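Colleague: One file: model28.pdb (PDB, C-alpha atoms).
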ATOM      1  CA  MET A 229     -40.777-124.195-256.823
ATOM      2  CA  ILE A 230     -38.018-125.776-258.942
ATOM      3  CA  VAL A 231     -34.390-125.070-258.030
ATOM      4  CA  SER A 232     -32.035-125.119-260.991
ATOM      5  CA  ASN A 233     -29.043-127.496-261.080
ATOM      6  CA  THR A 234     -26.754-124.532-261.800
ATOM      7  CA  LYS A 235     -27.723-122.852-258.540
ATOM      8  CA  THR A 236     -27.204-126.081-256.575
ATOM      9  CA  LYS A 237     -23.772-126.630-258.115
ATOM     10  CA  ASN A 238     -22.764-123.046-257.347
ATOM     11  CA  SER A 239     -23.819-123.463-253.715
ATOM     12  CA  THR A 240     -21.836-126.692-253.396
ATOM     13  CA  SER A 241     -18.771-125.106-254.978
ATOM     14  CA  LEU A 242     -19.047-122.110-252.665
ATOM     15  CA  PHE A 243     -19.352-124.399-249.613
ATOM     16  CA  LEU A 244     -16.295-126.442-250.649
ATOM     17  CA  SER A 245     -14.309-123.300-251.379
ATOM     18  CA  ARG A 246     -15.099-121.851-247.957
ATOM     19  CA  GLY A 247     -14.265-125.192-246.279
ATOM     20  CA  ILE A 248     -10.878-125.408-247.987
ATOM     21  CA  THR A 249     -10.116-121.786-247.119
ATOM     22  CA  ALA A 250     -11.060-122.356-243.463
ATOM     23  CA  LEU A 251      -8.891-125.491-243.312
ATOM     24  CA  PHE A 252      -5.955-123.638-244.867
ATOM     25  CA  LEU A 253      -6.299-120.782-242.372
ATOM     26  CA  PHE A 254      -6.530-123.256-239.481
ATOM     27  CA  LEU A 255      -3.352-125.063-240.577
ATOM     28  CA  LEU A 256      -1.609-121.727-241.068
ATOM     29  CA  CYS A 257      -2.565-120.609-237.556
ATOM     30  CA  LEU A 258      -1.505-123.978-236.130
ATOM     31  CA  ASN A 259       1.895-123.739-237.809
ATOM     32  CA  SER A 260       2.288-120.149-236.635
ATOM     33  CA  TYR A 261       1.418-121.181-233.065
ATOM     34  CA  ALA A 262       3.918-124.052-233.133
ATOM     35  CA  GLN A 263       6.617-121.756-234.498
ATOM     36  CA  THR A 264       5.872-119.173-231.817
ATOM     37  CA  SER A 265       5.945-121.826-229.073
ATOM     38  CA  PHE A 266       9.271-123.162-230.374
ATOM     39  CA  GLU A 267      10.764-119.673-230.370
ATOM     40  CA  GLU A 268       9.437-119.050-226.858
ATOM     41  CA  ALA A 269      11.004-122.316-225.657
ATOM     42  CA  ASN A 270      14.331-121.313-227.190
ATOM     43  CA  GLU A 271      14.112-117.881-225.572
ATOM     44  CA  ALA A 272      13.415-119.464-222.185
ATOM     45  CA  TYR A 273      16.469-121.709-222.637
ATOM     46  CA  ALA A 274      18.655-118.762-223.649
ATOM     47  CA  ALA A 275      17.462-116.856-220.576
ATOM     48  CA  GLY A 276      18.443-119.734-218.285
ATOM     49  CA  ASN A 277      14.857-120.775-217.530
ATOM     50  CA  TYR A 278      15.632-124.414-218.230
ATOM     51  CA  ALA A 279      12.623-125.913-216.452
ATOM     52  CA  GLU A 280      10.269-123.685-218.443
ATOM     53  CA  ALA A 281      12.109-124.507-221.679
ATOM     54  CA  ALA A 282      11.979-128.244-221.012
ATOM     55  CA  GLU A 283       8.250-128.083-220.334
ATOM     56  CA  ALA A 284       7.689-126.128-223.553
ATOM     57  CA  TYR A 285       9.708-128.627-225.596
ATOM     58  CA  GLU A 286       7.775-131.525-224.058
ATOM     59  CA  THR A 287       4.487-129.839-225.016
ATOM     60  CA  LEU A 288       5.655-129.476-228.604
ATOM     61  CA  LEU A 289       6.870-133.087-228.645
ATOM     62  CA  SER A 290       3.445-134.348-227.630
ATOM     63  CA  ASP A 291       2.085-132.828-230.854
ATOM     64  CA  ALA A 292       4.928-133.531-233.295
ATOM     65  CA  PRO A 293       7.970-135.580-232.193
ATOM     66  CA  CYS A 294      11.171-134.633-233.996
ATOM     67  CA  ALA A 295      14.911-135.014-233.407
ATOM     68  CA  THR A 296      15.542-131.289-232.903
ATOM     69  CA  LEU A 297      12.944-131.001-230.154
ATOM     70  CA  TYR A 298      14.250-134.101-228.366
ATOM     71  CA  TYR A 299      17.787-132.730-228.607
ATOM     72  CA  ASN A 300      16.757-129.344-227.222
ATOM     73  CA  ALA A 301      14.767-130.967-224.431
ATOM     74  CA  GLY A 302      17.805-133.095-223.580
ATOM     75  CA  ASN A 303      19.936-129.965-223.296
ATOM     76  CA  ALA A 304      17.382-128.274-221.055
ATOM     77  CA  TYR A 305      17.236-131.295-218.726
ATOM     78  CA  PHE A 306      21.018-131.601-218.658
ATOM     79  CA  LYS A 307      21.317-127.966-217.576
ATOM     80  CA  GLN A 308      19.044-128.818-214.636
ATOM     81  CA  GLY A 309      21.203-131.775-213.677
ATOM     82  CA  GLU A 310      18.544-134.316-214.685
ATOM     83  CA  LEU A 311      20.847-136.834-216.341
ATOM     84  CA  ALA A 312      18.248-139.550-216.883
ATOM     85  CA  LYS A 313      15.850-137.291-218.782
ATOM     86  CA  SER A 314      18.652-135.730-220.800
ATOM     87  CA  ILE A 315      19.988-139.160-221.838
ATOM     88  CA  LEU A 316      16.457-140.350-222.622
ATOM     89  CA  ASN A 317      15.839-137.406-224.946
ATOM     90  CA  TYR A 318      19.213-137.685-226.678
ATOM     91  CA  GLU A 319      18.504-141.374-227.298
ATOM     92  CA  ARG A 320      15.096-140.538-228.748
ATOM     93  CA  ALA A 321      16.620-137.857-230.970
ATOM     94  CA  LEU A 322      19.054-140.418-232.379
ATOM     95  CA  ARG A 323      16.226-142.871-232.996
ATOM     96  CA  LEU A 324      14.693-140.344-235.375
ATOM     97  CA  GLU A 325      17.943-138.942-236.773
ATOM     98  CA  PRO A 326      20.885-141.345-236.310
ATOM     99  CA  GLY A 327      23.294-138.895-237.934
ATOM    100  CA  HIS A 328      22.634-136.095-235.426
ATOM    101  CA  LYS A 329      26.255-135.362-234.423
ATOM    102  CA  ASP A 330      25.427-132.956-231.591
ATOM    103  CA  ALA A 331      23.015-135.450-230.020
ATOM    104  CA  LYS A 332      25.690-138.174-230.244
ATOM    105  CA  PHE A 333      28.288-135.959-228.614
ATOM    106  CA  ASN A 334      25.997-134.762-225.834
ATOM    107  CA  LEU A 335      24.742-138.303-225.190
ATOM    108  CA  ALA A 336      28.320-139.568-224.762
ATOM    109  CA  PHE A 337      29.108-136.639-222.463
ATOM    110  CA  ALA A 338      25.979-137.192-220.349
ATOM    111  CA  GLN A 339      26.705-140.928-220.108
ATOM    112  CA  SER A 340      30.211-140.145-218.828
ATOM    113  CA  ARG A 341      28.591-138.382-215.861
ATOM    114  CA  ILE A 342      26.478-141.290-214.621
ATOM    115  CA  THR A 343      27.567-143.617-211.820
ATOM    116  CA  ASP A 344      27.262-146.938-213.662
ATOM    117  CA  ASN A 345      29.768-147.716-216.385
ATOM    118  CA  ILE A 346      28.558-151.128-217.533
ATOM    119  CA  VAL A 347      30.007-152.328-220.820
ATOM    120  CA  GLU A 348      28.123-154.843-222.960
ATOM    121  CA  HIS A 349      30.434-157.666-224.086
ATOM    122  CA  ASP A 350      28.709-158.637-227.331
ATOM    123  CA  PHE A 351      30.345-160.661-230.081
ATOM    124  CA  PHE A 352      32.296-158.197-232.259
ATOM    125  CA  LEU A 353      30.317-159.130-235.391
ATOM    126  CA  SER A 354      27.026-158.446-233.614
ATOM    127  CA  THR A 355      28.342-155.073-232.427
ATOM    128  CA  TRP A 356      29.463-154.195-235.964
ATOM    129  CA  VAL A 357      26.100-155.188-237.487
ATOM    130  CA  LYS A 358      24.218-153.024-234.956
ATOM    131  CA  SER A 359      26.521-150.065-235.581
ATOM    132  CA  VAL A 360      25.880-150.307-239.332
ATOM    133  CA  ARG A 361      22.143-150.677-238.761
ATOM    134  CA  ASN A 362      22.049-147.607-236.536
ATOM    135  CA  THR A 363      23.724-145.344-239.105
ATOM    136  CA  LEU A 364      20.348-144.738-240.772
ATOM    137  CA  SER A 365      16.728-144.532-239.693
ATOM    138  CA  GLU A 366      14.082-147.135-240.492
ATOM    139  CA  HIS A 367      12.604-144.830-243.142
ATOM    140  CA  SER A 368      15.986-144.341-244.850
ATOM    141  CA  TRP A 369      16.734-148.079-244.905
ATOM    142  CA  THR A 370      13.270-148.728-246.381
ATOM    143  CA  ILE A 371      13.830-146.182-249.157
ATOM    144  CA  LEU A 372      17.248-147.706-249.887
ATOM    145  CA  SER A 373      15.742-151.181-250.042
ATOM    146  CA  ILE A 374      13.131-150.031-252.564
ATOM    147  CA  CYS A 375      15.763-148.250-254.689
ATOM    148  CA  PHE A 376      17.995-151.336-254.774
ATOM    149  CA  PHE A 377      14.997-153.502-255.686
ATOM    150  CA  VAL A 378      14.178-151.203-258.618
ATOM    151  CA  LEU A 379      17.827-151.389-259.669
ATOM    152  CA  PHE A 380      17.635-155.184-259.437
ATOM    153  CA  LEU A 381      14.568-155.264-261.698
ATOM    154  CA  THR A 382      16.288-152.924-264.149
ATOM    155  CA  GLY A 383      19.328-155.207-264.240
ATOM    156  CA  ILE A 384      17.125-158.247-264.898
ATOM    157  CA  LEU A 385      15.317-156.359-267.671
ATOM    158  CA  PHE A 386      18.568-155.463-269.433
ATOM    159  CA  PHE A 387      19.864-159.006-268.946
ATOM    160  CA  LEU A 388      16.801-160.509-270.607
ATOM    161  CA  LEU A 389      16.336-157.999-273.431
ATOM    162  CA  SER A 390      19.850-156.978-274.422
ATOM    163  CA  ARG A 391      21.685-158.792-277.209
ATOM    164  CA  GLU A 392      25.112-157.442-276.314
ATOM    165  CA  ILE A 393      27.130-159.914-274.250
ATOM    166  CA  TRP A 394      28.929-157.233-272.217
ATOM    167  CA  VAL A 395      25.623-155.518-271.409
ATOM    168  CA  ARG A 396      24.102-158.803-270.261
ATOM    169  CA  LYS A 397      27.120-159.580-268.047
ATOM    170  CA  THR A 398      27.127-156.089-266.548
ATOM    171  CA  ALA A 399      23.373-156.202-265.948
ATOM    172  CA  PHE A 400      23.645-159.622-264.307
ATOM    173  CA  HIS A 401      26.332-158.505-261.834
ATOM    174  CA  ILE A 402      24.545-155.233-261.074
ATOM    175  CA  GLY A 403      21.329-157.174-260.574
ATOM    176  CA  TRP A 404      22.590-159.666-258.003
ATOM    177  CA  LEU A 405      24.555-156.987-256.133
ATOM    178  CA  ALA A 406      21.449-154.785-256.042
ATOM    179  CA  LEU A 407      19.392-157.725-254.747
ATOM    180  CA  LEU A 408      21.976-158.370-252.025
ATOM    181  CA  PHE A 409      21.942-154.752-250.878
ATOM    182  CA  CYS A 410      18.139-154.717-251.114
ATOM    183  CA  ILE A 411      17.955-157.652-248.691
ATOM    184  CA  VAL A 412      20.502-156.096-246.296
ATOM    185  CA  ALA A 413      18.667-152.756-246.286
ATOM    186  CA  GLY A 414      15.333-154.520-245.804
ATOM    187  CA  LEU A 415      16.659-156.554-242.876
ATOM    188  CA  ASN A 416      18.015-153.382-241.236
ATOM    189  CA  ALA A 417      14.680-151.618-241.731
ATOM    190  CA  GLY A 418      12.854-154.605-240.246
ATOM    191  CA  SER A 419      15.229-154.785-237.290
ATOM    192  CA  LEU A 420      14.758-151.094-236.515
ATOM    193  CA  HIS A 421      10.983-151.415-236.892
ATOM    194  CA  LYS A 422      10.973-154.286-234.411
ATOM    195  CA  ARG A 423      13.184-152.325-231.985
ATOM    196  CA  ASP A 424      10.979-149.224-232.147
ATOM    197  CA  THR A 425       7.769-151.250-231.918
ATOM    198  CA  LEU A 426       8.806-153.362-228.932
ATOM    199  CA  ARG A 427      10.660-150.473-227.252
ATOM    200  CA  ASN A 428      12.519-152.894-225.024
ATOM    201  CA  GLU A 429      15.331-150.449-224.231
ATOM    202  CA  ALA A 430      14.860-148.089-221.317
ATOM    203  CA  ILE A 431      16.625-145.580-219.083
ATOM    204  CA  ILE A 432      16.678-145.787-215.288
ATOM    205  CA  THR A 433      14.996-142.612-214.026
ATOM    206  CA  GLN A 434      15.414-143.016-210.259
ATOM    207  CA  GLY A 435      18.585-142.135-208.356
ATOM    208  CA  ILE A 436      19.263-145.632-207.005
ATOM    209  CA  VAL A 437      17.397-148.831-207.876
ATOM    210  CA  ASN A 438      18.024-152.267-206.374
ATOM    211  CA  ALA A 439      17.366-155.109-208.818
ATOM    212  CA  LYS A 440      15.627-158.061-207.141
ATOM    213  CA  SER A 441      15.833-161.803-207.700
ATOM    214  CA  SER A 442      12.045-161.945-208.102
ATOM    215  CA  PRO A 443       9.225-159.494-208.941
ATOM    216  CA  ASP A 444       8.566-158.737-205.294
ATOM    217  CA  ARG A 445       9.823-156.343-202.633
ATOM    218  CA  SER A 446      10.901-159.300-200.533
ATOM    219  CA  GLY A 447      13.213-160.562-203.282
ATOM    220  CA  THR A 448      16.971-160.678-202.720
ATOM    221  CA  ASP A 449      18.961-157.646-203.872
ATOM    222  CA  LEU A 450      21.158-158.749-206.788
ATOM    223  CA  PHE A 451      22.771-155.518-207.967
ATOM    224  CA  THR A 452      22.266-151.756-207.925
ATOM    225  CA  LEU A 453      21.480-149.449-210.827
ATOM    226  CA  HIS A 454      21.740-145.679-210.883
ATOM    227  CA  GLU A 455      20.025-142.847-212.711
ATOM    228  CA  GLY A 456      20.748-142.685-216.439
ATOM    229  CA  THR A 457      21.759-146.329-216.931
ATOM    230  CA  LYS A 458      20.474-147.927-220.127
ATOM    231  CA  VAL A 459      18.881-151.362-219.717
ATOM    232  CA  THR A 460      17.126-153.939-221.896
ATOM    233  CA  ILE A 461      13.670-155.117-220.856
ATOM    234  CA  ARG A 462      13.296-158.899-221.078
ATOM    235  CA  GLU A 463       9.912-159.472-219.463
ATOM    236  CA  VAL A 464       7.030-157.561-217.888
ATOM    237  CA  LEU A 465       5.015-158.939-214.978
ATOM    238  CA  GLY A 466       2.463-156.590-213.459
ATOM    239  CA  ASN A 467       4.272-153.544-212.112
ATOM    240  CA  TRP A 468       7.668-155.230-212.404
ATOM    241  CA  VAL A 469      10.061-155.605-215.314
ATOM    242  CA  ASN A 470      12.936-158.007-215.771
ATOM    243  CA  VAL A 471      15.928-156.035-217.042
ATOM    244  CA  HIS A 472      19.249-157.079-218.505
ATOM    245  CA  VAL A 473      22.357-154.897-218.368
ATOM    246  CA  GLY A 474      25.887-156.163-218.969
ATOM    247  CA  PRO A 475      26.191-159.587-217.283
ATOM    248  CA  ASN A 476      23.394-158.787-214.821
ATOM    249  CA  GLU A 477      19.691-159.588-214.874
ATOM    250  CA  GLY A 478      17.032-158.809-212.281
ATOM    251  CA  TRP A 479      13.605-157.373-211.489
ATOM    252  CA  ILE A 480      12.871-153.702-210.821
ATOM    253  CA  PRO A 481       9.611-151.705-210.490
ATOM    254  CA  SER A 482       8.399-150.386-213.855
ATOM    255  CA  LYS A 483       8.032-146.882-212.387
ATOM    256  CA  ASP A 484      11.797-146.661-211.984
ATOM    257  CA  LEU A 485      12.506-146.587-215.704
ATOM    258  CA  GLU A 486      11.194-145.090-218.916
ATOM    259  CA  ARG A 487      11.260-146.709-222.328
ATOM    260  CA  ILE A 488      13.209-144.969-225.077
TER     261      ILE A 488
END
Translate the structure described by the file into structure tokens.
Modeller:
Amino acid sequence: MIVSNTKTKNSTSLFLSRGITALFLFLLCLNSYAQTSFEEANEAYAAGNYAEAAEAYETLLSDAPCATLYYNAGNAYFKQGELAKSILNYERALRLEPGHKDAKFNLAFAQSRITDNIVEHDFFLSTWVKSVRNTLSEHSWTILSICFFVLFLTGILFFLLSREIWVRKTAFHIGWLALLFCIVAGLNAGSLHKRDTLRNEAIITQGIVNAKSSPDRSGTDLFTLHEGTKVTIREVLGNWVNVHVGPNEGWIPSKDLERI
């Protein structure tokens, strides 16, 4: 028996059509479920069930991290008096959305409640460069870098093809300025990518932690850190990490902190 090509094509088209429809319905149901879970988490928070709300936000974050969820989770933890987890989530929210004003405000307020008040004494230029870098996300800096590069190429094109002196001068100046900003934006994007890839900044999650002179329980106590303190990880050795905070540096167990 010979099966016609038309019948085979119709069967294939019908199969693809049903597959696309099933995928669309699945994504629609998934989105509806996520929306329902988000609303339920918000309702739990509004009702004062902060532990339940925090757990619901964490579940949603495991599927799709976003600044709003981290911010809401931070609020839920703060209401429970868990400063470390609230600070951790505010920090993560700002990593994704540096311009989140509410997260900035709540982070500063939560940090004012912790025991340690260690100030980093960086060179003022380094502090200024970091503050500029942190105004935008890695994605935004990358987009800016690409836009400035396109503007640079446009300037070069006008400089080479135009016969008008004023156009050539204008294109030249726009071109080198665009190239400069392209490099700055690219360096900021690269710096943020390195920071988020290495994840060498962390929050102390235990109430009191004694930093040791060596990665061993028998090491000499150098200084004490408290819940919510932000530290920089310098080295990892087994279950111990070497942390730097302010003028201090020492070893603490890795279980006593969580990376941002």
Colleague: In Å, with one decimal, what is the gap from atom CA of A:Ile384 to atom CA of A:Arg396?
Modeller: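 Computed distance, atom CA of A:Ile384 to atom CA of A:Arg396, equals 8.8 Å.
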Colleague: Starting from the shown file, work through the PyMOL selection byres ((chain A and resi 454) around 9) and note down what comes out as number ranges by chain.
Modeller: A: 342-344, 432-438, 452-453, 455-457
Colleague: Would you put the residues from that selection into a file with C-alpha atoms, as a short mmCIF file (atom, residue, chain, number, x, y, z; two decimals), keeping the file's coordinate frame?
Modeller:
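Output contents, as saved in result.cif:
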data_model
loop_
_atom_site.label_atom_id
_atom_site.label_comp_id
_atom_site.auth_asym_id
_atom_site.auth_seq_id
_atom_site.Cartn_x
_atom_site.Cartn_y
_atom_site.Cartn_z
CA ILE A 342 26.48 -141.29 -214.62
CA THR A 343 27.57 -143.62 -211.82
CA ASP A 344 27.26 -146.94 -213.66
CA ILE A 432 16.68 -145.79 -215.29
CA THR A 433 15.00 -142.61 -214.03
CA GLN A 434 15.41 -143.02 -210.26
CA GLY A 435 18.58 -142.14 -208.36
CA ILE A 436 19.26 -145.63 -207.00
CA VAL A 437 17.40 -148.83 -207.88
CA ASN A 438 18.02 -152.27 -206.37
CA THR A 452 22.27 -151.76 -207.92
CA LEU A 453 21.48 -149.45 -210.83
CA GLU A 455 20.02 -142.85 -212.71
CA GLY A 456 20.75 -142.68 -216.44
CA THR A 457 21.76 -146.33 -216.93
#
Colleague: Report, in Å to a single decimal, how far apart atom CA of A:Ile461 and atom CA of A:Gly474 are.
Modeller: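 Pair atom CA of A:Gly474 / atom CA of A:Ile461 returns 12.4 Å.
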Colleague: Given the file shown, enumerate the residues that the PyMOL selection byres ((chain A and resi 362) around 10) captures and present them as an MDAnalysis selection string.
Modeller: chainID A and resid 322:323 325:327 356:361 363:366 369 416:417 419:420
Colleague: Just to confirm, what's the straight-line distance from atom CA of A:Asp291 to atom CA of A:Ala338 in Å (one decimal)?
Modeller: 26.5 Å
Colleague: Give me the residues within 12 Å of A:Ser265 as a list in words, counting all atoms listed in the file and dropping any in the same chain fewer than 6 places off.
Modeller: Leu258, Asn259, Glu271, Ala272, Glu280, Ala281, Ala282, Glu283, Ala284, Tyr285, Glu286, Thr287, Leu288, Leu289, Asp291 and Leu297 of chain A
Colleague: Any idea what's packed within 12 Å of stretch 443-445 of chain A, counting only C-alpha atoms, ignoring anything in its chain fewer than 6 positions away? Could you give it as a ChimeraX atom specification?
Modeller: /A:437,463-471,478-482
Colleague: What do you get, as a list in words, if you spell out every residue that the PyMOL selection byres ((chain A and resi 331) around 8) selects here?
Modeller: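 Selection result, ordered by chain and number: Tyr299, Tyr318, Glu319, Ala321, Leu322, His328, Lys329, Asp330, Lys332, Phe333, Asn334 and Leu335 of chain A.
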Colleague: Let me make sure I understand: among A:Lys458, A:Phe380, A:Phe387, A:Val473, which one has the smallest atom-to-atom distance to A:Gly403 if we use only C-alpha atoms?
Modeller: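 The closest residue to A:Gly403 is A:Phe380.
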Colleague: For the point (17.3, -126.8, -224.8) in file coordinates, what residues are within 9 Å, counting all atoms listed in the file? Give the answer as a PyMOL selection string?
Modeller: chain A and resi 269-270+272-274+278+281-282+285+297-307
Colleague: Could you turn the residues from that selection into a file that holds C-alpha atoms, as a PDB file, in the coordinates of the input?
Modeller:
ATOM      1  CA  ALA A 269      11.004-122.316-225.657  1.00  0.00           C
ATOM      2  CA  ASN A 270      14.331-121.313-227.190  1.00  0.00           C
ATOM      3  CA  ALA A 272      13.415-119.464-222.185  1.00  0.00           C
ATOM      4  CA  TYR A 273      16.469-121.709-222.637  1.00  0.00           C
ATOM      5  CA  ALA A 274      18.655-118.762-223.649  1.00  0.00           C
ATOM      6  CA  TYR A 278      15.632-124.414-218.230  1.00  0.00           C
ATOM      7  CA  ALA A 281      12.109-124.507-221.679  1.00  0.00           C
ATOM      8  CA  ALA A 282      11.979-128.244-221.012  1.00  0.00           C
ATOM      9  CA  TYR A 285       9.708-128.627-225.596  1.00  0.00           C
ATOM     10  CA  LEU A 297      12.944-131.001-230.154  1.00  0.00           C
ATOM     11  CA  TYR A 298      14.250-134.101-228.366  1.00  0.00           C
ATOM     12  CA  TYR A 299      17.787-132.730-228.607  1.00  0.00           C
ATOM     13  CA  ASN A 300      16.757-129.344-227.222  1.00  0.00           C
ATOM     14  CA  ALA A 301      14.767-130.967-224.431  1.00  0.00           C
ATOM     15  CA  GLY A 302      17.805-133.095-223.580  1.00  0.00           C
ATOM     16  CA  ASN A 303      19.936-129.965-223.296  1.00  0.00           C
ATOM     17  CA  ALA A 304      17.382-128.274-221.055  1.00  0.00           C
ATOM     18  CA  TYR A 305      17.236-131.295-218.726  1.00  0.00           C
ATOM     19  CA  PHE A 306      21.018-131.601-218.658  1.00  0.00           C
ATOM     20  CA  LYS A 307      21.317-127.966-217.576  1.00  0.00           C
TER      21      LYS A 307
END
Colleague: Give me stretch 373-398 of chain A with N, CA and C atoms filled in, as a compact mmCIF listing (two decimals), in the frame of the given file.
Modeller:
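Saved result, out27.txt, follows:
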# COMPACT_ATOMS: atom_id res chain seq x y z
N SER A 373 16.15 -149.85 -249.63
CA SER A 373 15.74 -151.18 -250.04
C SER A 373 14.90 -151.13 -251.32
N ILE A 374 13.98 -150.19 -251.38
CA ILE A 374 13.13 -150.03 -252.56
C ILE A 374 13.97 -149.64 -253.78
N CYS A 375 14.91 -148.70 -253.58
CA CYS A 375 15.76 -148.25 -254.69
C CYS A 375 16.61 -149.40 -255.23
N PHE A 376 17.19 -150.20 -254.33
CA PHE A 376 18.00 -151.34 -254.77
C PHE A 376 17.14 -152.38 -255.49
N PHE A 377 15.89 -152.54 -255.03
CA PHE A 377 15.00 -153.50 -255.69
C PHE A 377 14.66 -153.05 -257.11
N VAL A 378 14.43 -151.75 -257.28
CA VAL A 378 14.18 -151.20 -258.62
C VAL A 378 15.40 -151.40 -259.50
N LEU A 379 16.60 -151.17 -258.92
CA LEU A 379 17.83 -151.39 -259.67
C LEU A 379 17.99 -152.86 -260.06
N PHE A 380 17.60 -153.74 -259.16
CA PHE A 380 17.64 -155.18 -259.44
C PHE A 380 16.73 -155.53 -260.61
N LEU A 381 15.51 -155.00 -260.61
CA LEU A 381 14.57 -155.26 -261.70
C LEU A 381 15.09 -154.70 -263.02
N THR A 382 15.71 -153.53 -262.94
CA THR A 382 16.29 -152.92 -264.15
C THR A 382 17.40 -153.81 -264.72
N GLY A 383 18.25 -154.31 -263.81
CA GLY A 383 19.33 -155.21 -264.24
C GLY A 383 18.79 -156.46 -264.90
N ILE A 384 17.74 -157.05 -264.33
CA ILE A 384 17.12 -158.25 -264.90
C ILE A 384 16.54 -157.94 -266.28
N LEU A 385 15.92 -156.76 -266.40
CA LEU A 385 15.32 -156.36 -267.67
C LEU A 385 16.38 -156.25 -268.77
N PHE A 386 17.48 -155.60 -268.45
CA PHE A 386 18.57 -155.46 -269.43
C PHE A 386 19.19 -156.83 -269.75
N PHE A 387 19.29 -157.67 -268.73
CA PHE A 387 19.86 -159.01 -268.95
C PHE A 387 19.01 -159.84 -269.91
N LEU A 388 17.70 -159.71 -269.79
CA LEU A 388 16.80 -160.51 -270.61
C LEU A 388 16.62 -159.95 -272.02
N LEU A 389 16.67 -158.62 -272.14
CA LEU A 389 16.34 -158.00 -273.43
C LEU A 389 17.54 -157.62 -274.29
N SER A 390 18.69 -157.41 -273.65
CA SER A 390 19.85 -156.98 -274.42
C SER A 390 20.48 -158.13 -275.21
N ARG A 391 21.02 -157.80 -276.38
CA ARG A 391 21.68 -158.79 -277.21
C ARG A 391 23.20 -158.70 -277.09
N GLU A 392 23.68 -157.62 -276.50
CA GLU A 392 25.11 -157.44 -276.31
C GLU A 392 25.58 -158.26 -275.11
N ILE A 393 26.63 -159.05 -275.32
CA ILE A 393 27.13 -159.91 -274.25
C ILE A 393 27.61 -159.09 -273.06
N TRP A 394 28.38 -158.03 -273.32
CA TRP A 394 28.93 -157.23 -272.22
C TRP A 394 27.83 -156.55 -271.41
N VAL A 395 26.76 -156.15 -272.11
CA VAL A 395 25.62 -155.52 -271.41
C VAL A 395 24.93 -156.54 -270.51
N ARG A 396 24.75 -157.76 -271.04
CA ARG A 396 24.10 -158.80 -270.26
C ARG A 396 24.92 -159.17 -269.02
N LYS A 397 26.25 -159.26 -269.19
CA LYS A 397 27.12 -159.58 -268.05
C LYS A 397 27.07 -158.47 -267.00
N THR A 398 27.17 -157.23 -267.48
CA THR A 398 27.13 -156.09 -266.55
C THR A 398 25.79 -156.04 -265.81
